Every structure is written in structure tokens, then in C-alpha cells.
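Below you'll find the structure, written out as C-alpha cells, and then a few comments.
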Amino acid sequence: MHQPPDILSMAYKQPIMQEELVLLHEKEQQIPGSVQYKIKRYHKHSQWSMDDMGMMVYHFRKDQPKENYFELRFCVAGNVYCRQKDTECDSCKLNNTRNCAERVESVDVFSFRFSPVHLLQFAKPHKTVNLLSEKILNFSHPSSFSKILSLCGRTRMVLEAMLNHSYAGSLENIYINAQTQMLLLYSLECMLGEREVESFQCKFLANEADREKISLAREVLLKHIGEPLTIKELSRKVAINECYLKKGFKEMFGTTIFDFYQGQRMEHARYLLYEKGLSVTEVSVMLGYSSISHFSTAFKKHTGLKPCELLFH
């Protein structure tokens, strides 16, 4: 099965530990005969620097057509969320969110999943189709792919409207259906004229089983955050050649195994120091460092600060 990268981690430019995520609001709904959508709003930490982005995911299995789907994902940072949204605090009722005592900055993650049956209604009758957008609507593109999209002003307006609308019941279904069709239009419009999706440079990644092994390697690294693994050990755990593992990891996740692992460890260290209040010695031991000085050097290289300086920023 095609495993697209996590859009939240890509927006942050490195993986985010689950314990760092504070969920403010969550909504999931299936619009009858249309789209399945999810919205998750997280508290944005003041130290997070994130890019707004979109992602297109085309999942195709010729042998299992019932599993096929097309998905649009978006991550937008910097919106304001009122923690009394359901009841509306007095400031929000007066549309004066700047003075709202309950306001917090949020990171908003959206997912809109379309079925082949739903998309087929927009496709032209079968002729020879060369545009990628037509192949998607017809589900005639022969392989799965993920593609990063830049967010245009129109897309941002639609996403913001979906966060702030006041419709309910059947009217909400009509509204969401209309907005998701606009998102579909704007996203496919970005691809007009494109003939094909760029294939993997590493030919072995065309094999789904090998891509799954690379994804598994990433999961293994996350589970062994305090027990450093060599690439040889990692390759044995996921049953793939070391060379393939290194090349495939770089292509799929845009970073080397070492840089990914170090970045993840240092972000976890930042969380333990800043959020949990652990000492530098405790964190150094937890992450498997042989000395505090080695940990301090690695931490400063990643964050620009020594561990002891973090609490003063």
C-alpha cells in the first residue's frame, strides 16, 4: 500500500513526536455521496516554525479497485482558535478575537478523501487522455504517487472558510460539498499541462514491498529513540540491503537516515527539557549519550542553543 509522508512533519521539516501534539479540536465526517473529510486543530508551540503546504495523494491498486482513492491534504499554521469556540466567549461573539483571552495559535491539518465513483462524474467520456488531471479523475494513471502542492490565495480562503463557517445539519453538508469541489478544482488546476508524475530515481522503489520496508525503517528509528542503531542493524531489522536502505530513505523522506535520527532525537530532547522539565543529565542518559558534553554539542548544532540555555528562551 502506498504510504505518503506525514504532511505535519513535512511542514515542520522534521518529525513531530506525538506527545508534543495538543489537540484543540477534531472533526471527521462523511458527506453522503461525496467526500470524507477530517480536520484536526493542534496548539502551535511558540518555538515551531512551519510552512503552509498542500499534498495530493493518488492511491491506485489495479488488482483491488475498491481500495482506490484520491486525497487532498493541507497543513496551515498561524490561525487563531478560541478554546470556548463551542459556546463562544464574549469577545468572539463581538468578532473581536484579538482581545479574546481564550485565543491560541493553531496548526490546522485537513484531509479530504474522494472515491473513484465520486470523481468519475467530473471526468470526460473516455477518449485518449494525456493530462494528469484527467487521468486522476478517470483513475487511469497506472501507479500511486504523492505530490506536494503550494497553497494559493484561493485555497487558503476556502480552508479558512471551512474552519469558521456556522452551518449545521444538511446545510453544512451542502456547504462542505461545495467547498471541497473548489479545493479539488484549484488543486487539479495546478497540474494542468503536466503529462506524467516524476518517477522515483531509485528503480527499486517502484516495488511496493521495498517502499514499505523503507517506511518501516523510519518507524523502527522512532521506536529506538534512546537506543542508537547502526545502519547495519536497521537494515537487518527491515530485511533490506544497506545501500538500498540509505538511498531509498533519502529519496522517500528527503533526508539521510543520520540527519533524520539526529533531528528526531534533538526535538525529543527539546521536549523533555522544555516541556517536561528534566535535567540535562537525565535527558542525556535517556537518549543514550556517553557523556553530557557529546549531548550538549549535538543539541547546540541542531537548535543553536546549549541545553542549559533553552530554559531562558
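Within each chain, counting starts at residue 1; across the C-alpha cells, chains are named A, B, ... in the order shown, with ligands numbered 1 upward in that order.
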
Env of Ile7 (chain A): 12 Å cut, atoms = only C-alpha atoms, seq-sep filter 2 positions within chain, self excluded. Answer as a ChimeraX atom specification.
/A:3-5,9-16,50-57,72-76,107-111,146-149,253

Which neighbours of Ser284 (chain A) fall inside 6 Å, counting only C-alpha atoms, when residues of the same chain fewer than 4 positions from it are skipped, and could you give them as a compact mmCIF listing (two decimals) with N, CA and C atoms, in the first residue's frame?
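Output contents, as saved in part30.txt:
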# COMPACT_ATOMS: atom_id res chain seq x y z
N TYR A 289 23.43 8.93 25.33
CA TYR A 289 24.73 9.58 25.13
C TYR A 289 25.72 9.14 26.21
N ILE A 292 27.68 14.06 28.82
CA ILE A 292 26.84 15.25 28.71
C ILE A 292 27.40 16.19 27.65
N PHE A 295 26.26 15.19 24.19
CA PHE A 295 24.86 15.55 24.01
C PHE A 295 24.70 17.05 23.81

Within 12 Å of Asn68 (chain A) using only C-alpha atoms, minus same-chain residues under 6 positions, as a PDB file with N, CA, C and O atoms, in the first residue's frame:
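Output contents, as saved in around09.pdb:
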ATOM      1  N   MET A   1       0.849  -1.203   0.000  1.00  0.00           N
ATOM      2  CA  MET A   1       0.000   0.000   0.000  1.00  0.00           C
ATOM      3  C   MET A   1       0.881   1.248   0.000  1.00  0.00           C
ATOM      4  O   MET A   1       1.891   1.310   0.692  1.00  0.00           O
ATOM      5  N   HIS A   2       0.487   2.234  -0.803  1.00  0.00           N
ATOM      6  CA  HIS A   2       1.236   3.484  -0.879  1.00  0.00           C
ATOM      7  C   HIS A   2       1.186   4.215   0.461  1.00  0.00           C
ATOM      8  O   HIS A   2       0.122   4.413   1.035  1.00  0.00           O
ATOM      9  N   VAL A  57      -2.552  13.020  -2.868  1.00  0.00           N
ATOM     10  CA  VAL A  57      -2.238  11.587  -2.737  1.00  0.00           C
ATOM     11  C   VAL A  57      -3.156  10.792  -3.666  1.00  0.00           C
ATOM     12  O   VAL A  57      -4.385  10.861  -3.538  1.00  0.00           O
ATOM     13  N   TYR A  58      -2.553  10.091  -4.603  1.00  0.00           N
ATOM     14  CA  TYR A  58      -3.301   9.240  -5.535  1.00  0.00           C
ATOM     15  C   TYR A  58      -2.953   7.802  -5.213  1.00  0.00           C
ATOM     16  O   TYR A  58      -1.805   7.381  -5.356  1.00  0.00           O
ATOM     17  N   HIS A  59      -3.934   7.050  -4.722  1.00  0.00           N
ATOM     18  CA  HIS A  59      -3.704   5.660  -4.331  1.00  0.00           C
ATOM     19  C   HIS A  59      -4.403   4.743  -5.322  1.00  0.00           C
ATOM     20  O   HIS A  59      -5.631   4.773  -5.459  1.00  0.00           O
ATOM     21  N   PHE A  60      -3.611   3.933  -6.018  1.00  0.00           N
ATOM     22  CA  PHE A  60      -4.159   3.092  -7.082  1.00  0.00           C
ATOM     23  C   PHE A  60      -3.682   1.649  -6.942  1.00  0.00           C
ATOM     24  O   PHE A  60      -2.490   1.384  -6.849  1.00  0.00           O
ATOM     25  N   ARG A  61      -4.621   0.736  -6.899  1.00  0.00           N
ATOM     26  CA  ARG A  61      -4.335  -0.701  -6.909  1.00  0.00           C
ATOM     27  C   ARG A  61      -5.191  -1.336  -8.000  1.00  0.00           C
ATOM     28  O   ARG A  61      -6.408  -1.468  -7.844  1.00  0.00           O
ATOM     29  N   LYS A  62      -4.562  -1.706  -9.083  1.00  0.00           N
ATOM     30  CA  LYS A  62      -5.310  -2.273 -10.205  1.00  0.00           C
ATOM     31  C   LYS A  62      -6.030  -3.558  -9.808  1.00  0.00           C
ATOM     32  O   LYS A  62      -7.146  -3.831 -10.264  1.00  0.00           O
ATOM     33  N   ARG A 113     -10.896  13.075   1.290  1.00  0.00           N
ATOM     34  CA  ARG A 113     -10.710  11.842   0.513  1.00  0.00           C
ATOM     35  C   ARG A 113     -11.897  11.631  -0.432  1.00  0.00           C
ATOM     36  O   ARG A 113     -13.050  11.604  -0.021  1.00  0.00           O
ATOM     37  N   PHE A 114     -11.561  11.458  -1.723  1.00  0.00           N
ATOM     38  CA  PHE A 114     -12.563  11.280  -2.771  1.00  0.00           C
ATOM     39  C   PHE A 114     -12.503   9.850  -3.303  1.00  0.00           C
ATOM     40  O   PHE A 114     -11.421   9.317  -3.549  1.00  0.00           O
ATOM     41  N   SER A 115     -13.655   9.253  -3.535  1.00  0.00           N
ATOM     42  CA  SER A 115     -13.711   7.907  -4.113  1.00  0.00           C
ATOM     43  C   SER A 115     -13.706   7.998  -5.638  1.00  0.00           C
ATOM     44  O   SER A 115     -14.081   9.033  -6.213  1.00  0.00           O
ATOM     45  N   PRO A 116     -13.306   6.930  -6.337  1.00  0.00           N
ATOM     46  CA  PRO A 116     -13.351   6.924  -7.806  1.00  0.00           C
ATOM     47  C   PRO A 116     -14.748   7.217  -8.356  1.00  0.00           C
ATOM     48  O   PRO A 116     -14.891   7.931  -9.348  1.00  0.00           O
ATOM     49  N   VAL A 117     -15.779   6.674  -7.708  1.00  0.00           N
ATOM     50  CA  VAL A 117     -17.152   6.888  -8.175  1.00  0.00           C
ATOM     51  C   VAL A 117     -17.509   8.375  -8.135  1.00  0.00           C
ATOM     52  O   VAL A 117     -18.130   8.910  -9.058  1.00  0.00           O
ATOM     53  N   HIS A 118     -17.090   9.039  -7.073  1.00  0.00           N
ATOM     54  CA  HIS A 118     -17.388  10.466  -6.943  1.00  0.00           C
ATOM     55  C   HIS A 118     -16.651  11.280  -8.000  1.00  0.00           C
ATOM     56  O   HIS A 118     -17.223  12.189  -8.618  1.00  0.00           O
ATOM     57  N   LEU A 119     -15.373  10.958  -8.245  1.00  0.00           N
ATOM     58  CA  LEU A 119     -14.585  11.731  -9.202  1.00  0.00           C
ATOM     59  C   LEU A 119     -15.004  11.480 -10.640  1.00  0.00           C
ATOM     60  O   LEU A 119     -14.877  12.358 -11.500  1.00  0.00           O
ATOM     61  N   ILE A 136      -6.329  11.287 -13.319  1.00  0.00           N
ATOM     62  CA  ILE A 136      -6.733  11.142 -11.915  1.00  0.00           C
ATOM     63  C   ILE A 136      -8.245  10.965 -11.812  1.00  0.00           C
ATOM     64  O   ILE A 136      -8.738  10.073 -11.120  1.00  0.00           O
ATOM     65  N   LEU A 137      -8.989  11.807 -12.507  1.00  0.00           N
ATOM     66  CA  LEU A 137     -10.451  11.738 -12.441  1.00  0.00           C
ATOM     67  C   LEU A 137     -10.977  10.416 -12.986  1.00  0.00           C
ATOM     68  O   LEU A 137     -11.985   9.895 -12.515  1.00  0.00           O
ATOM     69  N   ASN A 138     -10.276   9.862 -13.984  1.00  0.00           N
ATOM     70  CA  ASN A 138     -10.676   8.581 -14.560  1.00  0.00           C
ATOM     71  C   ASN A 138     -10.049   7.382 -13.845  1.00  0.00           C
ATOM     72  O   ASN A 138     -10.343   6.242 -14.173  1.00  0.00           O
ATOM     73  N   PHE A 139      -9.132   7.660 -12.906  1.00  0.00           N
ATOM     74  CA  PHE A 139      -8.335   6.620 -12.259  1.00  0.00           C
ATOM     75  C   PHE A 139      -7.683   5.709 -13.299  1.00  0.00           C
ATOM     76  O   PHE A 139      -7.707   4.487 -13.211  1.00  0.00           O
ATOM     77  N   SER A 140      -7.060   6.362 -14.287  1.00  0.00           N
ATOM     78  CA  SER A 140      -6.348   5.619 -15.321  1.00  0.00           C
ATOM     79  C   SER A 140      -4.837   5.786 -15.221  1.00  0.00           C
ATOM     80  O   SER A 140      -4.098   5.181 -15.999  1.00  0.00           O
ATOM     81  N   HIS A 141      -4.363   6.623 -14.278  1.00  0.00           N
ATOM     82  CA  HIS A 141      -2.915   6.706 -14.056  1.00  0.00           C
ATOM     83  C   HIS A 141      -2.479   5.384 -13.421  1.00  0.00           C
ATOM     84  O   HIS A 141      -3.082   4.936 -12.442  1.00  0.00           O
ATOM     85  N   PRO A 142      -1.426   4.735 -13.937  1.00  0.00           N
ATOM     86  CA  PRO A 142      -1.132   3.347 -13.556  1.00  0.00           C
ATOM     87  C   PRO A 142      -0.455   3.116 -12.216  1.00  0.00           C
ATOM     88  O   PRO A 142      -0.314   1.979 -11.785  1.00  0.00           O
ATOM     89  N   SER A 143      -0.016   4.179 -11.507  1.00  0.00           N
ATOM     90  CA  SER A 143       0.708   3.945 -10.244  1.00  0.00           C
ATOM     91  C   SER A 143       0.386   5.014  -9.212  1.00  0.00           C
ATOM     92  O   SER A 143       0.042   6.151  -9.549  1.00  0.00           O
ATOM     93  N   SER A 144       0.499   4.626  -7.948  1.00  0.00           N
ATOM     94  CA  SER A 144       0.249   5.556  -6.843  1.00  0.00           C
ATOM     95  C   SER A 144       1.339   6.619  -6.776  1.00  0.00           C
ATOM     96  O   SER A 144       2.484   6.392  -7.204  1.00  0.00           O
ATOM     97  N   PHE A 145       1.001   7.781  -6.222  1.00  0.00           N
ATOM     98  CA  PHE A 145       2.007   8.823  -6.031  1.00  0.00           C
ATOM     99  C   PHE A 145       1.513   9.829  -4.999  1.00  0.00           C
ATOM    100  O   PHE A 145       0.321   9.918  -4.702  1.00  0.00           O
TER     101      PHE A 145
END

Among region 44-283 of chain A, which residues does DSSP mark as strand (DSSP E or B) when it is run on the backbone? Keep the chain and numbering as in the structure and answer as a ChimeraX atom specification.
/A:53-59,69-82,103-114,145-149

Selected residue of minimal separation from Glu172 (chain A) among A:Leu23, A:Gln30, A:Gly304, A:Lys44, counting only C-alpha atoms:
A:Gln30

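If you measure from each of A:Glu189, A:Glu134, A:Thr180, A:Phe122 to Gln36 (chain A) using only C-alpha atoms, the closest one turns out to be A:Thr180.
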
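Contact shell of region 162-166 of chain A at 9 Å (only C-alpha atoms; same-chain neighbours under 4 positions omitted): Ile39, Asp108, Met157, Val158, Glu172, Tyr175, Ile176 and Gln179 of chain A.
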
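For the atom pair formed by CA of Ser290 (chain A) and CA of Lys306 (chain A), the distance is 17.1 Å, given to one decimal.
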
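Taking only C-alpha atoms into account, Tyr244 (chain A) lies nearest to A:Arg211 out of the set A:Ile225, A:Arg211, A:Leu21, A:Glu219.
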
Write out as a PyMOL selection string all residues of region 22-257 of chain A that DSSP puts in alpha helix (DSSP H) for this structure's backbone.
chain A and resi 90-93+116-120+132-138+153-164+169-189+208-223+231-238+242-253+257

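Note that the spacing between CA of Met266 (chain A) and CA of Lys300 (chain A) amounts to 9.2 Å.
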
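Closest approach to Val238 (chain A) among A:Leu221, A:Ile214, A:Ala77, A:Leu278: A:Ile214, based on only C-alpha atoms.
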